[in-house]
Structure formats: C-alpha cells, structure tokens
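Q: Coordinates in target-v4.cif, mmCIF, C-alpha atoms and all ligand atoms, are listed below.
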```cif
data_model
loop_
_atom_site.label_atom_id
_atom_site.label_comp_id
_atom_site.auth_asym_id
_atom_site.auth_seq_id
_atom_site.Cartn_x
_atom_site.Cartn_y
_atom_site.Cartn_z
CA MET A 1 118.83 -124.49 194.78
CA PRO A 2 118.93 -123.74 198.54
CA GLU A 3 120.69 -126.38 200.66
CA ILE A 4 118.32 -128.80 202.34
CA GLY A 5 118.95 -130.95 205.39
CA LEU A 6 119.52 -134.69 205.12
CA PHE A 7 116.27 -135.59 206.90
CA GLU A 8 114.26 -133.23 204.73
CA ALA A 9 115.80 -134.92 201.69
CA MET A 10 114.95 -138.41 202.99
CA TYR A 11 111.37 -137.40 203.79
CA SER A 12 110.69 -135.80 200.43
CA ALA A 13 112.74 -137.73 197.82
CA ARG A 14 109.76 -139.37 196.25
CA SER A 15 109.74 -141.15 192.91
CA LEU A 16 109.54 -138.53 190.20
CA ARG A 17 108.76 -140.10 186.85
CA ARG A 18 107.60 -137.06 184.86
CA LEU A 19 110.75 -135.21 183.87
CA LYS A 20 111.49 -132.28 181.59
CA PRO A 21 113.68 -133.04 178.56
CA ASP A 22 115.98 -130.08 179.39
CA PRO A 23 119.64 -131.03 179.74
CA VAL A 24 121.24 -131.55 183.15
CA PRO A 25 124.68 -129.89 183.53
CA GLU A 26 127.47 -132.45 183.43
CA GLU A 27 128.96 -131.19 186.71
CA LEU A 28 125.73 -132.06 188.50
CA ILE A 29 125.86 -135.63 187.15
CA THR A 30 129.49 -135.83 188.32
CA LYS A 31 128.42 -134.57 191.76
CA ILE A 32 125.69 -137.23 191.94
CA LEU A 33 128.15 -139.96 190.95
CA ASN A 34 130.64 -138.74 193.55
CA ALA A 35 127.88 -139.17 196.13
CA ALA A 36 127.14 -142.65 194.76
CA ILE A 37 130.70 -143.87 195.24
CA ARG A 38 130.67 -142.77 198.89
CA ALA A 39 128.32 -145.69 199.58
CA PRO A 40 129.38 -148.79 201.51
CA SER A 41 130.08 -152.08 199.70
CA GLY A 42 130.75 -155.60 200.94
CA GLY A 43 134.42 -155.98 201.91
CA ASN A 44 134.83 -152.43 200.58
CA ALA A 45 135.08 -154.14 197.17
CA GLN A 46 133.69 -151.10 195.29
CA ASN A 47 132.95 -153.37 192.35
CA TRP A 48 130.57 -150.87 190.88
CA ALA A 49 130.31 -149.13 187.54
CA PHE A 50 127.93 -146.46 186.35
CA VAL A 51 126.80 -146.09 182.77
CA VAL A 52 125.51 -142.60 182.02
CA VAL A 53 123.45 -142.53 178.85
CA ARG A 54 122.79 -139.11 177.32
CA ASP A 55 122.99 -139.93 173.61
CA PRO A 56 119.42 -139.53 172.25
CA GLU A 57 119.59 -142.61 170.01
CA GLN A 58 120.84 -144.82 172.85
CA ARG A 59 118.15 -143.41 175.16
CA GLN A 60 115.54 -144.14 172.54
CA LYS A 61 116.64 -147.77 172.30
CA LEU A 62 116.87 -148.16 176.08
CA GLY A 63 113.41 -146.68 176.40
CA ALA A 64 112.05 -149.26 173.96
CA ILE A 65 113.56 -152.09 176.01
CA TYR A 66 112.15 -150.62 179.23
CA ARG A 67 108.75 -150.38 177.53
CA LYS A 68 108.86 -154.03 176.51
CA ALA A 69 110.01 -155.20 179.96
CA SER A 70 107.30 -153.10 181.60
CA ASP A 71 104.57 -154.96 179.72
CA ILE A 72 105.62 -157.99 181.75
CA ALA A 73 105.68 -155.91 184.95
CA GLU A 74 102.21 -154.57 184.17
CA ALA A 75 100.79 -158.08 183.96
CA MET A 76 102.48 -158.97 187.26
CA TYR A 77 101.08 -155.89 189.01
CA ALA A 78 97.59 -156.49 187.61
CA ALA A 79 97.61 -160.11 188.82
CA ARG A 80 98.98 -159.13 192.24
CA GLY A 81 96.49 -156.31 192.85
CA ARG A 82 96.62 -153.42 195.27
CA PRO A 83 98.80 -153.89 198.39
CA PRO A 84 96.47 -153.46 201.43
CA HIS A 85 98.42 -150.55 202.90
CA LEU A 86 97.92 -148.40 199.79
CA THR A 87 94.63 -146.57 199.30
CA GLU A 88 92.81 -146.94 195.95
CA ARG A 89 94.03 -143.43 195.12
CA GLN A 90 97.66 -144.16 196.01
CA PHE A 91 97.65 -147.39 194.01
CA ALA A 92 95.99 -145.72 191.01
CA ARG A 93 98.61 -142.98 191.16
CA LEU A 94 101.44 -145.52 191.27
CA MET A 95 100.02 -147.34 188.25
CA THR A 96 99.42 -144.11 186.30
CA THR A 97 102.83 -142.58 186.96
CA GLY A 98 104.48 -145.97 186.41
CA ALA A 99 102.72 -146.28 183.07
CA HIS A 100 103.82 -142.76 182.14
CA LEU A 101 107.43 -143.83 182.53
CA TRP A 102 106.88 -146.94 180.41
CA GLN A 103 106.13 -144.58 177.52
CA HIS A 104 108.53 -141.75 178.31
CA MET A 105 111.72 -143.25 179.79
CA SER A 106 113.77 -142.19 176.75
CA GLU A 107 112.76 -138.53 177.13
CA ALA A 108 114.68 -138.09 180.38
CA PRO A 109 117.91 -136.26 179.50
CA VAL A 110 120.00 -138.72 181.52
CA LEU A 111 119.54 -142.45 181.98
CA LEU A 112 121.85 -143.81 184.64
CA LEU A 113 122.57 -147.50 185.09
CA PRO A 114 124.26 -148.49 188.36
CA CYS A 115 126.07 -151.75 187.62
CA GLY A 116 128.24 -154.17 189.57
CA ARG A 117 130.40 -157.21 189.33
CA PRO A 118 129.07 -159.90 191.66
CA PRO A 119 131.80 -161.10 194.06
CA ALA A 120 133.59 -164.21 192.82
CA LEU A 121 133.62 -167.12 195.26
CA PRO A 122 137.07 -168.61 195.92
CA PRO A 123 137.65 -172.11 194.50
CA ARG A 124 136.00 -174.68 196.76
CA GLU A 125 139.24 -176.70 197.01
CA ALA A 126 141.05 -173.66 198.41
CA LEU A 127 138.80 -173.62 201.48
CA PRO A 128 139.36 -175.47 204.76
CA PRO A 129 137.24 -178.68 204.81
CA ASP A 130 134.71 -177.41 207.38
CA ILE A 131 134.03 -174.30 205.28
CA ALA A 132 134.08 -176.25 201.97
CA ALA A 133 131.42 -178.54 203.48
CA ARG A 134 128.99 -175.63 203.67
CA TRP A 135 129.72 -174.49 200.10
CA GLU A 136 126.02 -174.45 199.12
CA ASN A 137 125.29 -172.10 202.03
CA GLU A 138 128.00 -169.76 200.81
CA VAL A 139 126.49 -169.79 197.32
CA THR A 140 123.08 -168.96 198.83
CA TYR A 141 124.65 -166.23 200.96
CA ALA A 142 126.37 -164.68 197.93
CA GLU A 143 123.10 -164.77 195.99
CA ARG A 144 121.20 -163.24 198.90
CA ILE A 145 123.51 -160.21 199.21
CA ARG A 146 123.96 -159.72 195.47
CA GLY A 147 122.40 -156.28 195.31
CA ALA A 148 123.54 -155.14 198.73
CA SER A 149 126.76 -153.63 197.41
CA ILE A 150 125.07 -151.40 194.83
CA TYR A 151 121.70 -150.36 196.27
CA PRO A 152 123.26 -148.14 198.96
CA ALA A 153 124.89 -146.24 196.05
CA VAL A 154 121.48 -146.06 194.37
CA GLN A 155 120.00 -144.47 197.51
CA ASN A 156 122.85 -141.94 197.57
CA ILE A 157 121.96 -141.09 193.96
CA ILE A 158 118.32 -140.58 194.94
CA LEU A 159 119.27 -138.29 197.84
CA ALA A 160 121.87 -136.38 195.82
CA CYS A 161 119.28 -135.77 193.09
CA ARG A 162 116.84 -134.54 195.73
CA ALA A 163 119.43 -132.17 197.17
CA LEU A 164 120.09 -130.73 193.71
CA GLY A 165 116.41 -130.39 192.83
CA LEU A 166 116.56 -133.18 190.25
CA GLY A 167 113.92 -135.86 189.88
CA THR A 168 114.67 -139.56 189.64
CA VAL A 169 113.30 -143.00 190.51
CA ILE A 170 114.90 -146.39 190.97
CA THR A 171 113.55 -148.76 188.32
CA THR A 172 114.41 -152.41 187.77
CA ASN A 173 111.91 -153.55 185.11
CA HIS A 174 114.64 -153.57 182.45
CA ILE A 175 116.35 -156.51 184.21
CA ARG A 176 113.68 -158.71 182.64
CA CYS A 177 115.35 -157.91 179.30
CA GLU A 178 118.86 -157.32 180.63
CA ASP A 179 120.65 -159.15 177.80
CA GLU A 180 119.29 -156.59 175.34
CA VAL A 181 120.37 -153.70 177.58
CA LYS A 182 123.87 -155.12 177.95
CA ALA A 183 124.21 -155.71 174.22
CA LEU A 184 123.07 -152.17 173.46
CA LEU A 185 125.53 -150.59 175.90
CA GLY A 186 128.40 -153.04 175.40
CA ILE A 187 128.36 -154.04 179.08
CA PRO A 188 130.72 -157.00 179.73
CA GLU A 189 129.26 -160.41 180.52
CA ASP A 190 130.42 -160.48 184.14
CA ILE A 191 128.81 -157.13 184.97
CA ALA A 192 125.17 -156.96 186.07
CA THR A 193 122.88 -153.95 185.81
CA PHE A 194 120.96 -153.28 189.00
CA ALA A 195 118.84 -150.25 188.17
CA LEU A 196 117.85 -147.89 185.41
CA MET A 197 117.38 -144.37 186.74
CA PRO A 198 115.97 -141.54 184.65
CA ILE A 199 117.32 -138.19 185.88
CA GLY A 200 116.00 -134.77 184.96
CA TRP A 201 114.29 -131.62 186.16
CA PRO A 202 110.95 -132.71 187.62
CA LEU A 203 107.52 -131.65 186.41
CA ASP A 204 106.00 -132.62 189.77
CA ARG A 205 106.79 -131.63 193.34
CA PHE A 206 108.95 -133.48 195.85
CA GLY A 207 107.42 -135.29 198.89
CA PRO A 208 106.09 -135.63 201.45
CA LEU A 209 106.45 -139.40 201.50
CA THR A 210 103.78 -141.53 203.11
CA ARG A 211 104.67 -144.96 204.44
CA ARG A 212 103.23 -147.72 206.62
CA PRO A 213 103.37 -146.56 210.25
CA LEU A 214 106.62 -147.22 212.07
CA THR A 215 104.82 -149.05 214.89
CA GLU A 216 103.47 -151.55 212.35
CA VAL A 217 106.90 -152.49 211.01
CA THR A 218 109.14 -152.26 214.09
CA HIS A 219 109.66 -154.87 216.81
CA ALA A 220 111.26 -154.18 220.16
CA ASP A 221 113.79 -156.81 221.24
CA ARG A 222 111.78 -159.67 219.71
CA TRP A 223 109.32 -160.16 216.88
CA GLY A 224 105.79 -159.10 217.81
CA ALA A 225 106.69 -156.84 220.73
CA ALA A 226 105.55 -153.28 220.12
CA TRP A 227 108.02 -150.48 219.61
CA PRO A 228 106.89 -147.56 221.80
CA GLY A 229 107.59 -144.83 219.19
C1 LIG B 1 113.62 -152.60 193.95
C2 LIG B 1 112.75 -151.51 193.36
C3 LIG B 1 112.34 -151.62 192.04
C4 LIG B 1 111.55 -150.64 191.45
N1 LIG B 1 111.23 -150.75 190.11
C5 LIG B 1 110.48 -149.78 189.55
C6 LIG B 1 110.23 -149.82 188.15
O1 LIG B 1 110.68 -150.72 187.42
N2 LIG B 1 109.49 -148.82 187.61
C7 LIG B 1 109.01 -147.79 188.38
O2 LIG B 1 108.35 -146.90 187.83
N3 LIG B 1 109.26 -147.72 189.70
C8 LIG B 1 109.99 -148.68 190.30
N4 LIG B 1 110.29 -148.60 191.64
C9 LIG B 1 109.82 -147.44 192.42
C10 LIG B 1 108.71 -147.80 193.40
O3 LIG B 1 107.51 -147.93 192.70
C11 LIG B 1 108.64 -146.69 194.44
O4 LIG B 1 109.84 -146.71 195.19
C12 LIG B 1 107.49 -146.85 195.40
O5 LIG B 1 106.28 -146.84 194.71
C13 LIG B 1 107.48 -145.76 196.45
O6 LIG B 1 107.34 -144.53 195.79
P1 LIG B 1 107.52 -143.12 196.56
O7 LIG B 1 108.90 -143.16 197.12
O8 LIG B 1 107.31 -142.08 195.53
O9 LIG B 1 106.49 -143.10 197.64
C14 LIG B 1 111.10 -149.55 192.23
C15 LIG B 1 111.53 -149.42 193.56
C16 LIG B 1 112.36 -150.38 194.11
C17 LIG B 1 112.85 -150.20 195.55
#
```
As structure tokens, how would this structure be written, given the file I've shared?

A:
Amino acid sequence: MPEIGLFEAMYSARSLRRLKPDPVPEELITKILNAAIRAPSGGNAQNWAFVVVRDPEQRQKLGAIYRKASDIAEAMYAARGRPPHLTERQFARLMTTGAHLWQHMSEAPVLLLPCGRPPALPPREALPPDIAARWENEVTYAERIRGASIYPAVQNIILACRALGLGTVITTNHIRCEDEVKALLGIPEDIATFALMPIGWPLDRFGPLTRRPLTEVTHADRWGAAWPG
C-alpha cells in the first residue's frame, strides 16, 4: 500500500460497508489502535477501551444484534425521508449500502467497538456553593460532551484504515440494543459502547467524498455572514 497524504485520506475515506471476509493481519489492527489512542480526550482522561471481535461466533451474534437494531433505524430513516442536500441517487445508495451492512455485519473479519467510561461528576457537596448551585448545568454539560472523548479516536481509526487500504464505517445502530451487546461481550456496567466498526479489505473503491458546500455551512465572524472561500 503506497503512503498517502493526510488530506488525500480525509477526502477519500468514505464509508465502506461491503468488505471481503479475508483476515486482516493482527499488526495492522494494532497499528490502527495505536492511531486511535493518539486522539485527544477531555482532561486527557483517556478513559477509552477498544473491544476487537474476531471470533466468528461472537461476530455472528453481534451481527444479529446489529440487524435487529437496524430494523428500528430503518423505520426512523423511512419516516424522516431524504435529507434535501442528498440527491435521490445518493440517498438510494446510502439506503442500499446501509441495508447491505444490516445483513452482512458479521462477515467483516474484524468488528471493533470503541468504548468509554463517562467521566464521573464529583460529589455535589464537595463543590464550592456557587458551583454546586449550577449542578444541573454541569450534569447537562457532562451529557452534552459524552461522546466527545471517544469520537476523535473513531476518526483516527477511519483515517488509519484508509491509509492502510482497509475499509470501515462508523455505525451506532447497535446502541439501540446496547444491553445485549454488553452482555455478549462482558462489557462492565460503567462502560458505554460508542460505535461498532466493521473493518476489512473493501470490495468498493475509496472516495471522493461529496459534501454540502463549505460556503453553505460556514459563517464569518457571526452567524449568517458569508465565508469568502
Ligand atoms: C454518528 C454516526 C452514526 C452512524 N451510524 C451508522 C450506522 O448505524 N450504520 C451505517 O451503515 N452507517 C452509519 N453511519 C455512517 C453514515 O451513514 C455516513 O457517515 C454518511 O452517510 C456519510 O457517508 P460517506 O462518508 O461515505 O459519504 C454513521 C455515521 C455517524 C457520524
């Protein structure tokens, strides 16, 4: 695999859901995980954990849970309809490739679950009165940034896979049935799973990625003022 530049990786690391069942060398998985743990985390807490599932029976069971959870997702997508910025073709492709994964998740040689322990709030009584008075805000804040200490690691995984020629996609449907996933994998109660990522050699090509235009989503100095780029 020839080295590719970081920007090329970012521009072409599209979701690849159709993967070959061929095994992925363990050293490549280790390399991907070493990239994951280079990510930032709140307070540098590094409260992450990664469950790498290669055992065929475990993958089979995980795949069945993903399938079940995806039935719920399917109903949600159908009721929501096509986002206006996607063409009919792009939306149809998303639904078709998404549906492929519902059926074939277990066939990926590696299923990776980035997990994390949500930060524990200090006891309210231990806080100075002015801070204790805004306790509810702190709870809301903690809830709001819940995933922010693991999703940067997920993006590193996506880019590392791209650099190594491996396909992957961030999926979260399984969280709808997370209790079953945790029971299957023996994940402790205080640990949450944030993604389920199939990893394997792709059947389809990388990028290019198409996105809403930058000028549509960027504001210069204040909301509503056009960014010149
Ligand atoms: C938070 C999040 C959750 C996602 N969950 C799923 C999922 O459960 N199943 C799936 O197939 N793709 C999932 N995706 C992938 C998106 O569908 C994908 O990123 C998007 O369609 C853009 O695809 P592209 O990068 O190939 O253009 C998820 C992406 C994100 C960021």

Q: So how far away is CA of Ile4 (chain A) from atom C1 of ligand LIG 1 (chain B), in Å?

A: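 Atom C1 of ligand LIG 1 (chain B) sits 25.7 Å away from CA of Ile4 (chain A).
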
Q: For ligand LIG 1 (chain B), which of A:Ile158, A:Met105, A:Ala192, A:Leu94 is the closest residue, counting only C-alpha atoms and all ligand atoms?

A: A:Leu94

Q: 6 Å from ligand LIG 1 (chain B) is the threshold here; counting all atoms listed in the file, which polymer residues fall inside it? Answer as a PDB file with C-alpha atoms, in the coordinates of the input.

A:
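The new file pocket15.pdb reads:
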```
ATOM      1  CA  ARG A  14     109.760-139.370 196.250  1.00  0.00           C
ATOM      2  CA  SER A  15     109.740-141.150 192.910  1.00  0.00           C
ATOM      3  CA  GLY A  98     104.480-145.970 186.410  1.00  0.00           C
ATOM      4  CA  VAL A 169     113.300-143.000 190.510  1.00  0.00           C
ATOM      5  CA  ILE A 170     114.900-146.390 190.970  1.00  0.00           C
ATOM      6  CA  THR A 171     113.550-148.760 188.320  1.00  0.00           C
ATOM      7  CA  THR A 172     114.410-152.410 187.770  1.00  0.00           C
ATOM      8  CA  ASN A 173     111.910-153.550 185.110  1.00  0.00           C
ATOM      9  CA  LEU A 209     106.450-139.400 201.500  1.00  0.00           C
TER      10      LEU A 209
END
```

Q: Which residue out of A:Glu74, A:Glu178, A:Glu88, A:Glu143 has the minimum interatomic distance to Leu113 (chain A) when all atoms listed in the file are used?

A: A:Glu178

Q: Please measure the separation of CA of Ile199 (chain A) and CA of Leu19 (chain A), giving the value in Å to one decimal.

A: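 Answer for the CA of Ile199 (chain A) to CA of Leu19 (chain A) separation: 7.5 Å.
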
Q: Only C-alpha atoms, please: region 34-136 of chain A from the block, as a CSV table (one decimal), in the first residue's frame.

A:
```csv
chain,number,residue,atom,x,y,z
A,34,ASN,CA,-2.2,2.9,18.2
A,35,ALA,CA,-3.5,5.7,15.9
A,36,ALA,CA,-6.8,5.6,17.9
A,37,ILE,CA,-5.1,6.2,21.2
A,38,ARG,CA,-3.3,9.3,19.9
A,39,ALA,CA,-6.6,11.1,19.9
A,40,PRO,CA,-7.5,13.9,22.3
A,41,SER,CA,-9.8,13.3,25.3
A,42,GLY,CA,-11.4,15.6,27.8
A,43,GLY,CA,-8.9,16.4,30.6
A,44,ASN,CA,-6.6,13.9,28.9
A,45,ALA,CA,-8.6,11.3,30.8
A,46,GLN,CA,-8.0,8.6,28.1
A,47,ASN,CA,-11.0,6.7,29.6
A,48,TRP,CA,-11.3,4.6,26.5
A,49,ALA,CA,-11.3,0.9,25.7
A,50,PHE,CA,-11.4,-1.0,22.5
A,51,VAL,CA,-13.0,-4.4,22.0
A,52,VAL,CA,-11.7,-6.2,19.0
A,53,VAL,CA,-14.0,-9.0,18.0
A,54,ARG,CA,-12.6,-11.6,15.5
A,55,ASP,CA,-14.2,-14.8,16.9
A,56,PRO,CA,-16.7,-15.9,14.2
A,57,GLU,CA,-19.3,-17.0,16.7
A,58,GLN,CA,-19.1,-13.7,18.6
A,59,ARG,CA,-19.3,-11.8,15.3
A,60,GLN,CA,-22.3,-13.8,14.3
A,61,LYS,CA,-24.1,-12.9,17.5
A,62,LEU,CA,-23.1,-9.2,17.2
A,63,GLY,CA,-24.3,-9.2,13.6
A,64,ALA,CA,-27.7,-10.5,14.7
A,65,ILE,CA,-28.0,-7.7,17.3
A,66,TYR,CA,-27.0,-5.1,14.7
A,67,ARG,CA,-29.6,-6.5,12.4
A,68,LYS,CA,-32.3,-6.2,15.0
A,69,ALA,CA,-31.3,-2.6,16.0
A,70,SER,CA,-31.2,-1.6,12.3
A,71,ASP,CA,-34.8,-2.5,11.8
A,72,ILE,CA,-35.6,0.3,14.2
A,73,ALA,CA,-33.1,2.6,12.3
A,74,GLU,CA,-34.8,1.7,9.0
A,75,ALA,CA,-38.2,2.8,10.3
A,76,MET,CA,-36.7,6.0,11.5
A,77,TYR,CA,-35.0,6.7,8.2
A,78,ALA,CA,-38.1,5.9,6.2
A,79,ALA,CA,-40.2,8.2,8.4
A,80,ARG,CA,-37.6,11.0,8.1
A,81,GLY,CA,-37.2,10.8,4.4
A,82,ARG,CA,-34.4,12.1,2.1
A,83,PRO,CA,-32.3,15.0,3.5
A,84,PRO,CA,-32.6,17.8,1.0
A,85,HIS,CA,-28.9,18.1,0.3
A,86,LEU,CA,-28.7,14.5,-0.9
A,87,THR,CA,-29.8,13.6,-4.5
A,88,GLU,CA,-32.3,10.7,-5.0
A,89,ARG,CA,-29.3,8.7,-6.2
A,90,GLN,CA,-27.1,9.5,-3.2
A,91,PHE,CA,-30.0,8.7,-0.8
A,92,ALA,CA,-30.8,5.5,-2.5
A,93,ARG,CA,-27.2,4.5,-2.4
A,94,LEU,CA,-27.0,5.2,1.3
A,95,MET,CA,-30.1,3.1,2.0
A,96,THR,CA,-28.9,0.2,-0.2
A,97,THR,CA,-25.4,0.1,1.2
A,98,GLY,CA,-26.7,0.6,4.8
A,99,ALA,CA,-29.1,-2.3,4.3
A,100,HIS,CA,-26.3,-4.4,3.0
A,101,LEU,CA,-24.5,-4.0,6.3
A,102,TRP,CA,-27.6,-4.8,8.2
A,103,GLN,CA,-27.4,-8.3,6.7
A,104,HIS,CA,-23.6,-8.7,6.5
A,105,MET,CA,-22.1,-7.0,9.6
A,106,SER,CA,-20.9,-10.4,10.9
A,107,GLU,CA,-19.0,-11.2,7.8
A,108,ALA,CA,-16.4,-8.5,8.3
A,109,PRO,CA,-13.2,-10.2,9.7
A,110,VAL,CA,-12.9,-7.6,12.5
A,111,LEU,CA,-15.6,-5.8,14.4
A,112,LEU,CA,-14.2,-3.0,16.6
A,113,LEU,CA,-16.1,-1.4,19.4
A,114,PRO,CA,-14.7,1.9,20.7
A,115,CYS,CA,-15.9,2.2,24.3
A,116,GLY,CA,-15.5,4.7,27.1
A,117,ARG,CA,-16.2,5.3,30.7
A,118,PRO,CA,-18.2,8.5,31.0
A,119,PRO,CA,-16.5,11.0,33.4
A,120,ALA,CA,-17.8,10.8,37.0
A,121,LEU,CA,-19.0,14.1,38.4
A,122,PRO,CA,-17.5,14.9,41.8
A,123,PRO,CA,-19.9,14.8,44.8
A,124,ARG,CA,-22.1,17.9,44.8
A,125,GLU,CA,-21.2,18.6,48.5
A,126,ALA,CA,-17.5,18.7,47.6
A,127,LEU,CA,-18.1,21.7,45.4
A,128,PRO,CA,-18.0,25.4,46.4
A,129,PRO,CA,-21.6,26.7,46.9
A,130,ASP,CA,-21.6,28.9,43.7
A,131,ILE,CA,-20.6,25.9,41.6
A,132,ALA,CA,-22.9,23.5,43.5
A,133,ALA,CA,-25.8,25.8,42.7
A,134,ARG,CA,-25.3,25.2,39.0
A,135,TRP,CA,-25.2,21.4,39.4
A,136,GLU,CA,-27.9,20.8,36.8
```
